[in-house]
Each structure stands twice: as C-alpha cells, then as structure tokens.
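Raw contents of data_15.cif, mmCIF, C-alpha atoms:
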data_data
loop_
_atom_site.label_atom_id
_atom_site.label_comp_id
_atom_site.auth_asym_id
_atom_site.auth_seq_id
_atom_site.Cartn_x
_atom_site.Cartn_y
_atom_site.Cartn_z
CA MET A 1 -13.42 -10.87 26.57
CA THR A 2 -15.43 -8.14 28.34
CA TYR A 3 -12.85 -7.81 31.13
CA TRP A 4 -9.99 -7.62 28.62
CA LYS A 5 -11.90 -4.94 26.79
CA TYR A 6 -12.19 -2.90 29.99
CA LEU A 7 -8.55 -3.42 30.85
CA ILE A 8 -7.38 -2.39 27.38
CA TRP A 9 -9.55 0.74 27.46
CA PHE A 10 -8.40 1.50 30.98
CA LEU A 11 -4.76 1.36 29.86
CA LEU A 12 -5.52 3.32 26.68
CA LEU A 13 -7.25 6.09 28.58
CA TYR A 14 -4.47 6.12 31.15
CA PHE A 15 -1.78 6.52 28.47
CA LEU A 16 -3.81 9.14 26.65
CA THR A 17 -4.10 11.07 29.89
CA ILE A 18 -0.35 10.89 30.42
CA ILE A 19 0.24 12.02 26.84
CA GLN A 20 -2.24 14.84 27.28
CA VAL A 21 -0.61 16.18 30.42
CA SER A 22 3.05 15.36 29.76
CA PHE A 23 3.59 15.24 26.02
CA LEU A 24 1.13 17.59 24.33
CA PRO A 25 1.94 20.66 26.45
CA HIS A 26 5.23 20.85 24.52
CA PHE A 27 3.27 21.31 21.31
CA SER A 28 0.56 23.62 22.57
CA ILE A 29 -0.43 26.64 20.53
CA ARG A 30 -1.01 29.60 22.82
CA GLY A 31 -1.60 27.15 25.64
CA ALA A 32 -4.16 25.09 23.73
CA ALA A 33 -3.63 21.46 22.80
CA ALA A 34 -5.76 18.49 21.79
CA ASP A 35 -8.18 17.17 24.44
CA LEU A 36 -7.53 13.49 23.91
CA ILE A 37 -9.84 12.12 26.58
CA PHE A 38 -12.69 14.30 25.36
CA LEU A 39 -12.08 13.15 21.80
CA VAL A 40 -12.10 9.48 22.78
CA ILE A 41 -15.36 9.83 24.67
CA PHE A 42 -16.91 11.98 21.95
CA LEU A 43 -15.91 9.65 19.13
CA GLY A 44 -16.82 6.60 21.19
CA SER A 45 -20.27 7.98 21.90
CA PHE A 46 -20.84 9.31 18.40
CA LEU A 47 -19.49 6.46 16.34
CA SER A 48 -20.53 3.48 18.42
CA ASN A 49 -24.00 2.18 17.74
CA LYS A 50 -24.03 -0.28 20.60
CA LYS A 51 -26.38 0.35 23.45
CA GLY A 52 -25.12 -0.41 26.90
CA PHE A 53 -23.10 0.89 29.75
CA PHE A 54 -19.64 0.53 28.25
CA ILE A 55 -19.25 4.06 26.88
CA TYR A 56 -20.57 5.51 30.15
CA ALA A 57 -18.05 3.48 32.07
CA MET A 58 -15.35 4.82 29.78
CA ALA A 59 -16.66 8.35 30.30
CA ILE A 60 -16.46 7.92 34.07
CA LEU A 61 -12.98 6.43 33.80
CA GLY A 62 -11.78 9.19 31.46
CA GLY A 63 -13.28 11.76 33.79
CA LEU A 64 -11.49 10.16 36.71
CA PHE A 65 -8.15 10.41 34.93
CA LEU A 66 -8.82 14.02 34.01
CA GLU A 67 -9.74 14.63 37.61
CA TYR A 68 -6.19 13.90 38.78
CA TYR A 69 -4.82 16.77 36.74
CA SER A 70 -7.78 19.03 37.19
CA TYR A 71 -7.51 22.66 38.23
CA LEU A 72 -11.10 22.69 39.43
CA PRO A 73 -11.78 23.08 43.15
CA PHE A 74 -14.06 20.03 43.40
CA PHE A 75 -13.18 16.41 42.78
CA GLY A 76 -15.57 14.67 40.42
CA LEU A 77 -16.64 17.47 38.10
CA TRP A 78 -14.90 15.97 35.09
CA ILE A 79 -16.51 12.62 35.77
CA ILE A 80 -19.94 14.26 35.81
CA THR A 81 -19.08 16.31 32.72
CA LEU A 82 -17.89 13.39 30.61
CA PHE A 83 -20.74 11.18 31.80
CA LEU A 84 -23.32 13.82 30.86
CA LEU A 85 -21.49 14.40 27.62
CA ALA A 86 -21.73 10.73 26.64
CA LEU A 87 -25.38 10.77 27.57
CA ILE A 88 -26.16 13.89 25.54
CA ILE A 89 -24.21 12.72 22.48
CA ARG A 90 -26.11 9.47 22.52
CA ARG A 91 -29.43 11.34 22.72
CA LEU A 92 -28.44 13.69 19.93
CA ASN A 93 -27.38 10.74 17.83
CA SER A 94 -30.72 9.10 18.30
CA ALA A 95 -32.54 12.36 17.58
CA MET A 96 -30.67 13.12 14.36
CA ARG A 97 -30.77 9.60 12.99
CA GLN A 98 -28.06 10.55 10.57
CA PHE A 99 -24.44 9.68 10.44
CA ASN A 100 -22.59 12.15 8.27
CA ILE A 101 -20.23 15.10 8.47
CA VAL A 102 -23.07 17.55 9.24
CA SER A 103 -24.28 15.53 12.20
CA LEU A 104 -20.68 15.19 13.32
CA LEU A 105 -20.20 18.94 13.10
CA ILE A 106 -23.37 19.74 15.07
CA THR A 107 -22.73 17.10 17.72
CA PHE A 108 -19.11 18.05 18.01
CA LEU A 109 -19.83 21.75 18.51
CA ILE A 110 -22.39 21.03 21.22
CA ALA A 111 -20.17 18.47 22.92
CA PHE A 112 -17.12 20.72 22.78
CA LEU A 113 -18.92 23.71 24.26
CA LEU A 114 -20.40 21.51 26.99
CA PHE A 115 -16.98 20.06 27.73
CA LYS A 116 -15.51 23.53 28.13
CA ILE A 117 -18.40 25.26 29.87
CA LEU A 118 -20.10 22.57 31.95
CA PRO A 119 -17.25 22.18 34.49
CA LEU A 120 -17.33 25.93 35.12
CA VAL A 121 -21.10 25.90 35.59
CA LEU A 122 -20.77 22.92 37.93
CA VAL A 123 -18.13 24.76 39.96
CA PHE A 124 -20.52 27.67 40.28
CA ILE A 125 -23.39 25.42 41.36
CA PHE A 126 -21.35 23.44 43.91
CA THR A 127 -19.89 26.62 45.33
CA LEU A 128 -23.40 27.95 45.85
CA ILE A 129 -24.56 24.67 47.41
CA GLN A 130 -21.66 24.59 49.85
CA LYS A 131 -22.02 28.35 50.52
CA ARG A 132 -18.31 28.74 49.89
CA THR A 133 -16.57 31.74 48.45
CA LEU A 134 -15.95 31.31 44.78
CA LEU A 135 -12.18 31.14 44.54
CA PHE A 136 -12.06 29.69 41.07
CA PRO A 137 -10.80 32.29 38.63
CA TRP A 138 -13.17 32.64 35.70
CA SER A 139 -10.51 33.44 33.20
CA PHE A 140 -11.79 32.66 29.78
CA SER A 141 -9.75 33.00 26.60
CA TRP A 142 -11.70 33.06 23.35
CA GLN A 143 -8.48 32.70 21.43
CA GLY A 144 -7.49 29.57 23.37
CA LEU A 145 -11.01 28.19 23.01
CA LEU A 146 -10.99 28.66 19.24
CA ILE A 147 -7.57 27.09 18.82
CA SER A 148 -8.57 24.18 21.00
CA LEU A 149 -11.81 23.83 19.04
CA SER A 150 -9.91 23.80 15.75
CA ILE A 151 -7.40 21.19 16.88
CA ASP A 152 -10.07 18.91 18.35
CA PHE A 153 -12.30 19.34 15.31
CA VAL A 154 -9.54 18.41 12.86
CA ILE A 155 -8.78 15.27 14.85
CA ALA A 156 -12.49 14.42 15.13
CA VAL A 157 -13.06 14.83 11.37
CA PHE A 158 -9.95 12.82 10.56
CA SER A 159 -11.05 10.05 12.92
CA PHE A 160 -14.56 10.15 11.48
CA TYR A 161 -13.34 9.60 7.91
CA LEU A 162 -10.89 6.97 9.05
CA TYR A 163 -13.75 5.17 10.76
CA GLU A 164 -15.90 5.51 7.65
CA PHE A 165 -13.09 4.09 5.56
CA ILE A 166 -12.62 1.11 7.86
CA TYR A 167 -16.40 0.67 8.17
CA GLN A 168 -16.83 0.60 4.39
CA LYS A 169 -14.11 -1.97 4.11
CA ARG A 170 -15.73 -4.13 6.69
CA GLY A 171 -19.08 -3.54 5.07
CA GLN A 172 -20.89 -3.07 8.28
CA ARG A 173 -21.14 -0.67 11.12
CA ASN A 174 -20.65 -1.58 14.75
CA MET B 1 -35.25 -4.41 39.27
CA LYS B 2 -36.55 -1.66 37.05
CA LYS B 3 -34.13 0.33 34.93
CA GLY B 4 -35.13 3.54 36.66
CA TYR B 5 -34.15 2.15 40.06
CA LYS B 6 -30.85 0.92 38.71
CA THR B 7 -30.02 4.36 37.40
CA LEU B 8 -31.11 5.92 40.67
CA ILE B 9 -28.90 3.58 42.67
CA ILE B 10 -25.96 4.27 40.40
CA LEU B 11 -26.52 7.98 40.69
CA LEU B 12 -26.77 7.76 44.48
CA LEU B 13 -23.56 5.75 44.61
CA LEU B 14 -21.83 8.30 42.44
CA ALA B 15 -23.09 11.13 44.61
CA GLY B 16 -21.80 9.31 47.68
CA CYS B 17 -18.42 8.81 46.07
CA PHE B 18 -18.37 12.45 45.06
CA PHE B 19 -19.12 13.56 48.59
CA LEU B 20 -16.59 11.21 50.23
CA THR B 21 -13.81 12.02 47.81
CA ASN B 22 -14.26 15.75 48.17
CA ARG B 23 -14.48 15.51 51.93
CA PHE B 24 -11.69 13.05 52.71
CA LEU B 25 -9.89 11.40 49.84
CA GLY B 26 -9.28 13.95 47.08
CA ASP B 27 -5.71 14.92 47.92
CA THR B 28 -4.67 11.38 48.87
CA LEU B 29 -6.00 9.99 45.61
CA LYS B 30 -4.25 12.62 43.56
CA ASN B 31 -0.99 12.09 45.41
CA THR B 32 -1.14 8.32 44.90
CA PHE B 33 -1.92 8.74 41.22
CA TYR B 34 0.99 11.14 40.75
CA LYS B 35 3.32 8.73 42.56
CA ILE B 36 2.33 5.82 40.35
CA SER B 37 2.47 7.85 37.16
CA ALA B 38 5.62 9.84 37.93
CA PRO B 39 8.21 7.57 36.20
CA LEU B 40 6.14 7.29 33.05
CA GLN B 41 5.28 10.96 33.08
CA LYS B 42 8.92 11.94 33.43
CA ALA B 43 9.87 9.82 30.43
CA VAL B 44 7.00 11.16 28.34
CA TRP B 45 7.77 14.72 29.37
CA LYS B 46 11.42 14.35 28.34
CA ALA B 47 10.42 12.77 25.06
CA GLY B 48 7.97 15.60 24.39
CA ASP B 49 10.62 18.15 25.22
CA LYS B 50 13.16 16.61 22.86
CA ILE B 51 10.73 16.13 20.01
CA SER B 52 9.26 19.61 20.30
CA ASP B 53 12.78 21.07 20.39
CA GLY B 54 13.61 19.24 17.16
CA LEU B 55 10.35 20.12 15.46
CA THR B 56 10.31 23.76 16.38
CA LEU B 57 13.97 24.37 15.55
CA PRO B 58 13.29 25.72 12.03
CA PHE B 59 10.73 28.14 13.47
CA ARG B 60 13.09 29.19 16.21
CA LEU B 61 16.09 29.77 13.92
CA LYS B 62 15.07 33.34 13.17
CA ASN B 63 14.59 33.99 16.87
CA ILE B 64 17.92 32.36 17.65
CA GLN B 65 19.58 34.59 15.07
CA LEU B 66 17.98 37.69 16.56
CA GLU B 67 18.87 36.52 20.04
CA ASN B 68 22.44 35.93 18.90
CA GLU B 69 22.67 39.44 17.48
CA ARG B 70 21.25 40.85 20.66
CA LEU B 71 23.73 38.89 22.75
CA ILE B 72 26.66 40.02 20.61
CA LYS B 73 25.60 43.61 21.10
CA GLN B 74 25.14 43.02 24.80
CA ASN B 75 28.53 41.34 24.97
CA LEU B 76 30.21 44.32 23.34
CA SER B 77 28.38 46.67 25.65
CA LEU B 78 29.44 44.63 28.68
CA LYS B 79 33.03 44.53 27.47
CA GLN B 80 32.97 48.30 27.17
CA GLU B 81 31.45 48.54 30.63
CA ASN B 82 34.11 46.19 31.93
CA LEU B 83 36.84 48.36 30.45
CA ASN B 84 35.29 51.44 32.02
CA LEU B 85 35.10 49.67 35.36
CA LYS B 86 38.73 48.60 35.08
CA ALA B 87 39.73 52.15 34.33
CA LEU B 88 37.72 53.35 37.29
CA GLN B 89 39.27 50.71 39.50
CA GLU B 90 42.73 51.73 38.37
CA GLU B 91 41.91 55.34 39.05
CA ASN B 92 40.51 54.39 42.42
CA ASN B 93 43.63 52.42 43.33
CA ASN B 94 45.82 55.28 42.19
CA LEU B 95 43.85 57.74 44.24
CA LYS B 96 44.02 55.52 47.31
CA ALA B 97 47.77 55.09 47.00
CA ALA B 98 48.25 58.77 46.34
CA LEU B 99 46.07 59.72 49.27
CA GLN B 100 48.23 57.57 51.50
CA ILE B 101 51.39 59.22 50.23
CA ALA B 102 49.82 62.62 50.47
CA ALA B 103 48.76 61.95 54.03
CA GLU B 104 52.13 60.60 55.01
CA GLN B 105 54.12 63.41 53.46
CA LYS B 106 51.57 66.14 53.87
CA LEU B 107 51.42 66.84 50.18
CA GLU B 108 48.66 68.38 48.13
CA LEU B 109 48.12 66.45 44.97
CA SER B 110 46.30 67.00 41.73
CA LEU B 111 45.38 64.06 39.54
CA ALA B 112 46.09 64.36 35.83
CA ASP B 113 45.70 62.01 32.88
CA VAL B 114 48.71 61.34 30.69
CA THR B 115 47.83 62.20 27.12
CA ALA B 116 51.09 61.90 25.26
CA LYS B 117 54.70 61.00 25.50
CA ASP B 118 57.64 62.39 23.57
CA PRO B 119 58.98 59.63 21.30
CA GLU B 120 62.49 60.21 22.63
CA GLY B 121 61.20 59.81 26.15
CA ASN B 122 62.12 63.26 27.40
CA PHE B 123 58.75 64.51 28.47
CA LEU B 124 55.11 63.62 28.98
CA VAL B 125 52.01 65.66 28.37
CA ILE B 126 49.38 65.71 31.09
CA ALA B 127 45.82 66.93 30.72
CA LYS B 128 45.98 69.72 33.23
CA GLY B 129 47.43 73.17 32.86
CA LYS B 130 47.24 76.76 33.95
CA LYS B 131 43.47 76.68 34.28
CA ASP B 132 43.84 73.92 36.84
CA GLY B 133 46.33 75.92 38.83
CA LEU B 134 49.46 74.17 37.66
CA SER B 135 52.68 76.05 37.15
CA GLU B 136 56.22 75.39 35.97
CA GLY B 137 58.49 73.60 38.37
CA LEU B 138 55.90 71.46 40.16
CA ALA B 139 56.94 67.91 40.84
CA VAL B 140 55.05 65.01 39.27
CA ILE B 141 54.83 61.58 40.84
CA THR B 142 53.14 58.27 40.17
CA ALA B 143 50.37 56.82 42.31
CA ASP B 144 53.05 54.74 44.02
CA GLY B 145 54.86 57.89 44.93
CA ALA B 146 57.76 57.48 42.49
CA LEU B 147 59.17 60.66 41.05
CA VAL B 148 58.40 61.17 37.37
CA GLY B 149 59.72 64.65 36.72
CA ARG B 150 58.64 68.25 36.95
CA ILE B 151 56.44 70.49 34.94
CA GLU B 152 58.55 72.35 32.49
CA LYS B 153 55.91 74.16 30.55
CA THR B 154 52.24 74.84 31.16
CA PHE B 155 49.51 75.56 28.66
CA ASP B 156 45.94 76.49 29.44
CA ASP B 157 44.73 72.92 29.71
CA PHE B 158 47.89 70.85 29.38
CA SER B 159 51.37 70.69 30.77
CA GLN B 160 54.67 69.26 29.65
CA VAL B 161 56.45 67.19 32.26
CA LEU B 162 60.19 66.92 31.95
CA LEU B 163 61.09 63.38 32.91
CA ILE B 164 63.88 62.78 35.39
CA THR B 165 65.45 60.56 32.74
CA ALA B 166 65.56 63.39 30.18
CA LYS B 167 69.03 64.48 29.13
CA LYS B 168 68.65 67.98 30.44
CA SER B 169 67.23 66.83 33.78
CA SER B 170 69.47 67.26 36.79
CA PHE B 171 68.58 67.33 40.48
CA ASP B 172 69.94 66.57 43.92
CA ILE B 173 69.36 63.18 45.46
CA GLU B 174 69.97 61.29 48.64
CA ILE B 175 71.17 57.70 48.42
CA GLN B 176 69.88 55.69 51.36
CA ASP B 177 73.07 53.92 52.29
CA GLU B 178 74.52 53.78 55.81
CA LYS B 179 75.02 57.53 55.99
CA SER B 180 72.46 58.86 53.51
CA THR B 181 74.83 60.09 50.86
CA LEU B 182 74.07 63.16 48.83
CA ALA B 183 74.64 63.12 45.09
CA VAL B 184 73.37 64.56 41.83
CA ALA B 185 71.09 62.66 39.45
CA LYS B 186 71.21 63.27 35.71
CA GLY B 187 69.22 61.90 32.83
CA GLY B 188 70.96 59.95 30.14
CA GLU B 189 70.41 58.14 26.87
CA GLY B 190 67.39 55.87 26.48
CA GLN B 191 65.46 56.68 29.61
CA SER B 192 68.34 56.01 31.94
CA LEU B 193 69.20 57.89 35.10
CA PHE B 194 72.70 58.28 36.50
CA PHE B 195 74.14 59.67 39.69
CA GLU B 196 77.46 61.41 40.21
CA LEU B 197 79.34 63.45 42.75
CA ALA B 198 78.75 60.93 45.53
CA PRO B 199 81.59 61.15 48.06
CA GLN B 200 84.36 58.58 47.75
CA ASP B 201 83.93 57.30 51.27
CA ALA B 202 80.21 56.57 50.94
CA VAL B 203 79.38 52.85 51.16
CA ILE B 204 76.98 52.60 48.27
CA GLN B 205 75.48 49.28 47.34
CA ASN B 206 73.20 48.01 44.67
CA GLY B 207 69.61 48.23 45.82
CA ASN B 208 70.10 51.36 47.89
CA LEU B 209 67.04 53.54 47.67
CA VAL B 210 67.36 56.95 46.07
CA LYS B 211 65.22 59.85 47.25
CA THR B 212 64.94 63.53 46.53
CA THR B 213 66.30 66.24 48.78
CA THR B 214 65.35 69.86 49.17
CA LEU B 215 68.80 70.91 48.02
CA GLY B 216 68.48 72.87 44.82
CA GLY B 217 64.81 73.43 45.58
CA LYS B 218 63.58 71.48 42.58
CA PHE B 219 61.62 68.76 44.38
CA PRO B 220 60.08 68.19 47.78
CA LYS B 221 62.02 66.07 50.21
CA ASN B 222 61.83 62.26 50.41
CA ILE B 223 60.17 61.52 47.10
CA ILE B 224 61.34 58.09 45.94
CA VAL B 225 63.32 58.19 42.75
CA GLY B 226 64.46 54.60 42.37
CA GLU B 227 67.31 52.35 43.44
CA VAL B 228 71.01 52.05 42.69
CA ILE B 229 71.70 49.33 40.17
CA GLU B 230 75.34 50.09 39.35
CA PHE B 231 78.15 52.14 40.90
CA GLN B 232 81.86 52.82 40.38
CA LYS B 233 84.53 55.28 41.25
CA ALA B 234 84.66 58.29 39.02
CA ALA B 235 87.65 58.83 36.74
CA SER B 236 88.80 61.76 38.87
CA GLY B 237 88.97 59.45 41.87
CA SER B 238 87.30 61.80 44.34
CA PHE B 239 83.68 60.77 43.73
CA GLN B 240 81.54 57.79 42.99
CA GLU B 241 79.04 57.52 40.17
CA GLY B 242 76.56 54.93 38.99
CA GLN B 243 73.19 54.19 37.57
CA ILE B 244 69.73 54.41 39.11
CA LEU B 245 66.69 52.43 38.14
CA PRO B 246 63.86 54.97 38.14
CA TYR B 247 60.75 53.43 39.73
CA PHE B 248 58.33 55.36 37.56
CA LEU B 249 59.48 53.23 34.61
CA LYS B 250 58.21 50.08 36.29
CA ASN B 251 54.70 50.84 35.14
CA ASN B 252 53.38 52.78 32.24
CA PRO B 253 51.06 55.02 34.21
CA ASN B 254 47.99 56.54 32.63
CA GLN B 255 47.51 58.94 35.48
CA LEU B 256 49.98 60.98 37.43
CA PHE B 257 49.87 63.31 40.41
CA VAL B 258 51.19 66.81 40.47
CA ILE B 259 52.38 67.97 43.86
CA THR B 260 50.77 71.37 44.08
CA ASN B 261 51.85 72.18 47.58
CA TYR B 262 54.27 70.79 50.16
#

Let me see the structure of the file written as structure tokens.
Amino acid sequence: MTYWKYLIWFLLLYFLTIIQVSFLPHFSIRGAAADLIFLVIFLGSFLSNKKGFFIYAMAILGGLFLEYYSYLPFFGLWIITLFLLALIIRRLNSAMRQFNIVSLLITFLIAFLLFKILPLVLVFIFTLIQKRTLLFPWSFSWQGLLISLSIDFVIAVFSFYLYEFIYQKRGQRN
Amino acid sequence: MKKGYKTLIILLLLAGCFFLTNRFLGDTLKNTFYKISAPLQKAVWKAGDKISDGLTLPFRLKNIQLENERLIKQNLSLKQENLNLKALQEENNNLKAALQIAAEQKLELSLADVTAKDPEGNFLVIAKGKKDGLSEGLAVITADGALVGRIEKTFDDFSQVLLITAKKSSFDIEIQDEKSTLAVAKGGEGQSLFFELAPQDAVIQNGNLVKTTTLGGKFPKNIIVGEVIEFQKAASGSFQEGQILPYFLKNNPNQLFVITNY
C-alpha cells in the first residue's frame, strides 16, 4: 500500500505541476495564479497529524517538479524551500497545539512568505558561496504578491473547511 | 543508527545531489522532463486557452466593442488614405505620360484639375487661369497626349476650355493616310467630331490617325486628335467627309495639360 501511496502522490503532484504551468497561466490575474504545489505541501503538512517522512518526501518531490519550471539560477532551491517549509510548518503545528482557522492563518502567512522569499535568499547565499555575479533580477511586485496570497489563502481556507467537514463526518482526525 | 546520523546522511546525500545536478545534470534533466511532459502540456495548454477564452468572453465584450469601433475608424481612415494614394498615383502617371509627350514634342505643359463640365458637353472648366499664366487660345491635351480643346476664356483662377467636339469648334487636321491628307475638323451634336474638305483622291480608311496641323494657327503640330471611324464622299462630289473618334473621350480625365509654349 505504501508504494501505491507514493505512486499516486507522485502522479498527483506531476499533474498539479502541469496544471500550474500550462493551465493556470491562462487564468492569472496580473501574472499571479494559484501555487498548487505549495498548497499541497502546506495543507499536507498542516492538516496531517502523522509523524514520518512521507510529507518530506512529498515536499522534495514537489520541489523537484517545481525545479523543472524554475526561473532560479540554481537547481535544487525549490526542493530545499519546500523541504524546509514542511519542516517549519510541522514545528509550528506542534508549537501552537491548536487546529483552527487562526492557527491556519498564522501558519499560512509564515509559510507563504517563506515560499516566496526563501528561494530569493537562497539564490543570494549560493551566489555569494560560489563567488558568482548575481545575475538574478530581484524584481519584486507587491501587487502580484498580494494577489497570489489572496488566491492561495482562499484555496487554503476552503480546503481547511472541507477537511474539517470530512473529518467531522468520519469522527476522527488522521 | 541514531536519528541524528540518519538526518545527517540524508542531508549529505541531498547536498551531493544538489552539487552534481548544478554542475552536470541540470539542463539535461530539464530537457528530458520537458520532452516527457510536452504532449500532456500541449493538451493542457490548449484546454486552458479554450476555457479561458470562453470564460473571459463576457469581460472582453466591451473591449471587443471598443476595438471594433477603433478598427472601423481605422478602416475608414485607411480607405481615405487609399483614395488619396490612388489619386496621387493617377496624377503621377499623368505627369509621367505628359512629360514623355512634352519631351518628345518639346512642349511646355501646365497641369490643371478639371473642376466642371458643361452639361451639353461644349466646354470644361479647369482650375487654372490668368494668375497661372494661362491665356485664351492655348491648346489643352490629356495625359495621353490627345487633344481636348483650347482655352476660350480665362478667369483669374479658372479657365473655360472649348472642346474640339463643341459645335462652334473648327480647326485644321491632318489625316494619316498614305499621303497625309489635310482636312477640317468640326464639332457636332452629342460630343461628336466630323471632318470635311478632304480631297476626293485621298485614300482614307477607317482607323487612320488624325492629328493637328499648324494651318490656321490654332493648335501646335502633331497633337493626336483621334481616328477616322466613318467616311464618305461629300454631296458636292469634290471632297470627302466623315467622322472622327476623339481620343480624349476614351477616358474621363480629372487632370489635363495646357500647352503653354511650343
């Protein structure tokens, strides 16, 4: 069952990546669209109670898929970002010991900002390490960031309540 | 093995992968991934394109309407431009033809726009007059070099051109038959032109060219008038007469040339 689970998630993440890069750009608002891979990893880390390596494996896999369509000058930065993201969300979850809309909001905001800023910081660090000239353009649009934040937040909240609904029906949490 | 070691090993492996990929494999991996995903991506891209087109249509209607209005305006403007260009081209062609004639016959020409025509077809009005140096008696030709008439009256800025087909028009001509027969051309009813007083022995045929002569001093020599389309012996029996097709009637020229010097 474990292998099937990995295969299904592999395919799911793959299709979500394809949708993110080939389907959603047609519906972007001022260049901003939903970050599906980020949302999957965020929701997976936030909602799942299980301890173990699975969500980290998914984060690495999601990062790998994002890597193929990345504009960043180094290969692997999205993998590191999503991996760290999963790690941090898990830690925050444990620290807050609450599972409600407020904890979702706080965790989401931190995760989102990390997701958007961490790759840029990593680029800066790796450029310094390799003593290369920083060619990466640091163009940053607050408008795009806010739109992206809004879209991702709406999806996250919707998914959260959907999960709650299903969880209540089942009468237990994962 | 302790958990800390496990994590360390995993991290070291990841760092190794990171280093190797960035050094050697990055582009190859991306290329392979694109190759594998290309068919699916194309299909998804097309689907996204179609769906977004359908969904955004109501929002785009206003823009489409504005765009349509803009294009209609642009279309009208381009049509106008096209007309202007056609007019310029016509003028250019006329000037070229006239220049050739002028060069061949050593004529000095002045271009004038036709502004009006007498309903009975006796005269034209051209948009040049005394101020432009025109005077009564000057010959007027088309760009092809066909005789139109002569200026009968000049105003400050306009002139009246008596057409060769006008009833009161009469001038000497030369029919280009075997001997170049001299005759007199006269205007007739309904923009027709006749010739008379051609000698009996002249071998005139339909299609013979008719040109002006200097006899009578009304027109310069060798200006094409038209061609013979009908001929017969006159009632008196000593001369031949017939009808000429004036070449200037072939077109309805908007511009004419006044021969100012020859």

Inset, instruction - Counting only C-alpha atoms, figure out which residue out of B:Glu230, B:Asp27, B:Asp156, B:Asp49 gets nearest to chain A. - result: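 The closest residue to chain A is B:Asp49.
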
Inset, instruction - Can you turn the PyMOL selection byres ((chain B) within 10 of (chain A)) into a concrete residue list for this file, as an MDAnalysis selection string? - result: chainID B and resid 14:15 17:23 25:27 29:34 37:38 40:53 55:56

Inset, instruction - Return the single residue from A:Leu61, A:Leu114, A:Leu122, A:Ile151 that is closest to Leu11 in chain A, with distances computed using only C-alpha atoms. - result: A:Leu61

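Residue nearest Gln98 in chain A, chosen from A:Ser148, A:Val154, A:Val40, A:Phe46 and counting all atoms listed in the file: A:Phe46.
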
Legend entry - Explicit residues for the PyMOL selection byres ((chain B and resi 91) around 10) (as a ChimeraX atom specification): /B:85-90,92-97,111,113,143,254-256

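For the structure shown here, the set of residues caught by the PyMOL selection byres ((chain B and resi 175) around 8) is Ile173, Glu174, Gln176, Asp177, Ser180, Thr181, Leu182, Ala183, Ile204, Asn208, Leu209, Val210 and Lys211 of chain B.
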
Legend entry - Between CA of Asp152 in chain A and CA of Ala32 in chain A - distance in Å to one decimal: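 These atoms are spaced 10.1 Å apart.
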
Legend entry - Which of B:Gly54, B:Pro220, B:Gly207, B:Gly242 sits closest to Thr260 in chain B [using all atoms listed in the file]: B:Pro220

Legend entry - Pairwise distance for CA of Glu189 in chain B and CA of Gln243 in chain B, rounded to one decimal in Å: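 Calculated distance between CA of Glu189 in chain B and CA of Gln243 in chain B is 11.7 Å.
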
Inset, instruction - Provide the CA of Gly133 in chain B to CA of Ala185 in chain B distance in Å, to one decimal place. - result: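 About the pair CA of Gly133 in chain B and CA of Ala185 in chain B: they are 28.1 Å apart.
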
Legend entry - Residues near Lys218 in chain B, cut-off 10 Å, only C-alpha atoms, skip fewer than 4 positions along chain, as a list in words: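 Residues meeting the cut-off are Gly137, Leu138, Ala139, Gly149, Arg150, Ser170, Phe171, Asp172, Thr212, Thr213 and Thr214 of chain B.
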
Would you mind completing range 17-28 of chain A so that it carries N, CA and C atoms, and writing it out as a short mmCIF file (atom, residue, chain, number, x, y, z; two decimals), keeping the file's coordinate frame?
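Printed below is rebuild-v1.cif as written:
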data_model
loop_
_atom_site.label_atom_id
_atom_site.label_comp_id
_atom_site.auth_asym_id
_atom_site.auth_seq_id
_atom_site.Cartn_x
_atom_site.Cartn_y
_atom_site.Cartn_z
N THR A 17 -4.15 10.02 28.87
CA THR A 17 -4.10 11.07 29.89
C THR A 17 -2.66 11.53 30.11
N ILE A 18 -1.77 10.55 30.21
CA ILE A 18 -0.35 10.89 30.42
C ILE A 18 0.17 11.70 29.23
N ILE A 19 -0.21 11.27 28.04
CA ILE A 19 0.24 12.02 26.84
C ILE A 19 -0.34 13.43 26.86
N GLN A 20 -1.59 13.52 27.25
CA GLN A 20 -2.24 14.84 27.28
C GLN A 20 -1.58 15.79 28.28
N VAL A 21 -1.16 15.27 29.40
CA VAL A 21 -0.61 16.18 30.42
C VAL A 21 0.91 16.30 30.37
N SER A 22 1.57 15.31 29.75
CA SER A 22 3.05 15.36 29.76
C SER A 22 3.69 15.53 28.40
N PHE A 23 2.98 15.19 27.35
CA PHE A 23 3.59 15.24 26.02
C PHE A 23 3.05 16.42 25.21
N LEU A 24 1.74 16.55 25.16
CA LEU A 24 1.13 17.59 24.33
C LEU A 24 1.43 19.02 24.78
N PRO A 25 1.63 19.28 26.08
CA PRO A 25 1.94 20.66 26.45
C PRO A 25 3.15 21.24 25.72
N HIS A 26 4.06 20.35 25.27
CA HIS A 26 5.23 20.85 24.52
C HIS A 26 4.85 21.36 23.13
N PHE A 27 3.68 20.94 22.67
CA PHE A 27 3.27 21.31 21.31
C PHE A 27 2.05 22.24 21.34
N SER A 28 1.77 22.79 22.47
CA SER A 28 0.56 23.62 22.57
C SER A 28 0.71 24.91 21.77
#
